[in-house]
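Asker: Before anything else, here's the structure in question.
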Amino acid sequence: MWPYHPDLLATPVPRYTSFPTAAEFSPAVGAADADAALRGAVGDASLYVHIPFCEKICWYCGCNTGAANKTHRLASYLDALHRDIALTGARLDDRVAVRRIAFGGGSPNAIAPTDFVRLVDALTLHMALADPVLSIELDPRNLTAEWGQVLHGIGVTNASMGVQTFAPQLQAAIGRVQPDSDIARATAMLRKAGITSLNYDLMYGLPGQTLDQLEATLRRTVELGADRIALFGYAHVPHMLPRQRRIDASALPGQDERFAMADFGYRLLLDAGYVPIGFDHFALPGDPLARAAAQGRVRRNFQGFTDDAASTLIGLGASSISCFDDVLWQNEKNAGRYRMLLSQDLLPASGGVRRSADDRRRGAVIEALLCSGAARVDPDLLACIDDRLAPFLTRDLAVLEADHLRILPDGLPYARSIAALFDPYRQDSQRRFSSAV
């Protein structure tokens, strides 16, 4: 097993899908910054399109999403999203080539397949698409045959399903009941539709979860042939997510049990032939993410670990985040205010952060540590964290050789904690993040 040092995991830390993180966003960045960044964009870019609706709301979920039970509200949102696409596309010129598009949520299949086709048509009309790789997040519970036909016709190749667990009692405990047959049926449908990279999102640290239940879920996932697996630790933060109050906190496993689950899952999946990406993501050797890992090309963005080389990510839809070298911004989170801004032909950016040269330098170190387990660090940065890095070095979790910091195999579950040492915003911040493991 990995060595367990609870004192080094005591402080919650960000997942670092950006740096600075969204916790540092402020109203000082807004529509004018978004306008300037879009008009000045050059080179390859990726798009993220947010659909903040689900057929059913799971109790554990931390996504910005609502129930898709009001036809008028959903139609109004899609109208605004089309306007967002048009306004954003008008600010991008032919120096920009869109090579990836990801549809997330919520659950994009909470909308009608015909509405999804219209979104793709709008992107084709208003954006300079360069044969992009298309990805989508899906809820297997309401994945109809018509969706399979649409995904095949459009050419979507990457998909991710929220599975979480195959144990019925755990599904009931987190408000996401979905029989094994639903997941198997959806998997078969997606393969037939041409999905070549299929991810399962799974969870450990669920209320009442045992190692046997985790093992059964992992083995069933391997049996069904998922190309990628994200094995997340459940983060119980009901003060931030009121829907989590329906989950029995008294049944949650302790930190030591969570650590044992993460370790168990890591070793089982390696034995099953998966390549580790960090300590909680995995990919089969032939998957593009595993190939990127072998070639040192894995990066980190708002979709998590990725083989996407583009440094520009443009978010479309309420709450979506855009990432440029010198600025990050988030669209208005409230769907009503998002619609109102776009009805006035205003870009919906409503907060963000400008990235200084020091931010970019620190962000590169954090990304390298999380993606490849090693980074070159300037001496002045090392001097700033010397005393806080020492416990990780003395316990053989990391090694410092001149200006190169490398995370050792036993230090893998501590990677986020080590990366957080380079984050100056965390030193005095009282913001609550997820457990490191």
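We name chains A, B, ... following the order of the structure tokens; residues begin at 1 in each chain, and ligands are numbered from 1 as shown.
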Among stretch 25-159 of chain A, which ones does DSSP place in helix (DSSP H, G or I), written as number ranges by chain?
Answerer: A: 31-39, 71-90, 108-110, 113-126, 140-142, 145-154
Asker: Please return as a VMD selection string: the residues of stretch 171-345 of chain A that backbone DSSP assigns to strand (DSSP E).
Answerer: chain A and resid 197 to 204 228 to 233 275 to 277 281 to 283 299 to 301 304 to 306 312 to 316 321 to 323 327 to 331
Asker: Those same residues - C-alpha atoms - I'd like them written as a compact mmCIF listing (two decimals), in the first residue's frame.
Answerer:
# COMPACT_ATOMS: atom_id res chain seq x y z
CA SER A 197 -13.02 6.46 -26.25
CA LEU A 198 -15.58 5.80 -23.50
CA ASN A 199 -15.03 7.03 -19.95
CA TYR A 200 -16.80 5.87 -16.79
CA ASP A 201 -16.90 8.25 -13.82
CA LEU A 202 -16.72 6.17 -10.63
CA MET A 203 -16.62 7.07 -6.93
CA TYR A 204 -15.07 5.85 -3.73
CA ARG A 228 -10.96 5.56 -19.52
CA ILE A 229 -11.86 5.56 -15.84
CA ALA A 230 -12.02 8.49 -13.45
CA LEU A 231 -12.10 7.20 -9.86
CA PHE A 232 -13.08 10.23 -7.78
CA GLY A 233 -13.28 10.50 -4.01
CA VAL A 275 -2.26 3.14 -17.57
CA PRO A 276 -2.43 5.52 -14.57
CA ILE A 277 -2.93 9.22 -15.24
CA HIS A 281 -7.50 8.52 -13.64
CA PHE A 282 -6.77 5.56 -15.88
CA ALA A 283 -6.77 4.71 -19.59
CA ARG A 299 -2.28 18.47 -19.78
CA ARG A 300 -4.80 19.73 -17.27
CA ASN A 301 -7.77 21.96 -18.03
CA GLY A 304 -9.53 17.42 -16.15
CA PHE A 305 -6.63 15.42 -17.61
CA THR A 306 -6.53 15.73 -21.38
CA THR A 312 -7.08 28.36 -25.51
CA LEU A 313 -10.36 27.00 -24.16
CA ILE A 314 -13.57 28.93 -24.89
CA GLY A 315 -16.59 28.29 -22.68
CA LEU A 316 -20.13 28.64 -24.00
CA ILE A 321 -15.16 28.95 -17.98
CA SER A 322 -12.82 30.24 -20.67
CA CYS A 323 -9.06 29.93 -20.36
CA VAL A 327 -6.97 35.75 -18.50
CA LEU A 328 -9.61 33.34 -17.21
CA TRP A 329 -13.30 34.17 -16.96
CA GLN A 330 -16.56 32.50 -16.09
CA ASN A 331 -19.92 33.10 -17.68
Asker: Counting only C-alpha atoms, figure out which residue out of A:Ser372, A:Ser435, A:Gln244, A:Ser350 gets nearest to A:Gly62.
Answerer: A:Gln244
Asker: Produce a table with one row for each residue of stretch 325-428 of chain A that has an atom at most 6 Å from any atom of stretch 13-31 of chain A, each row naming the nearest atom pair and its distance in Å at one decimal; use only C-alpha atoms; arrange rows by chain and rising residue number; format as CSV.
Answerer:
residue,atom,partner,partner_atom,distance
A:Leu347,CA,A:Ala31,CA,5.5
A:Ala349,CA,A:Ala31,CA,5.0
A:Ser350,CA,A:Gly30,CA,5.0
A:Gly351,CA,A:Pro27,CA,4.3
A:Gly352,CA,A:Phe25,CA,4.1
A:Val353,CA,A:Phe25,CA,5.1
A:Gly363,CA,A:Phe19,CA,5.3
Asker: Looking at only C-alpha atoms, which of A:Asn158, A:Thr124, A:Thr11, A:Gln171 is the one that sits closest to A:Val98?
Answerer: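 Selected residue with least distance to A:Val98: A:Thr124.
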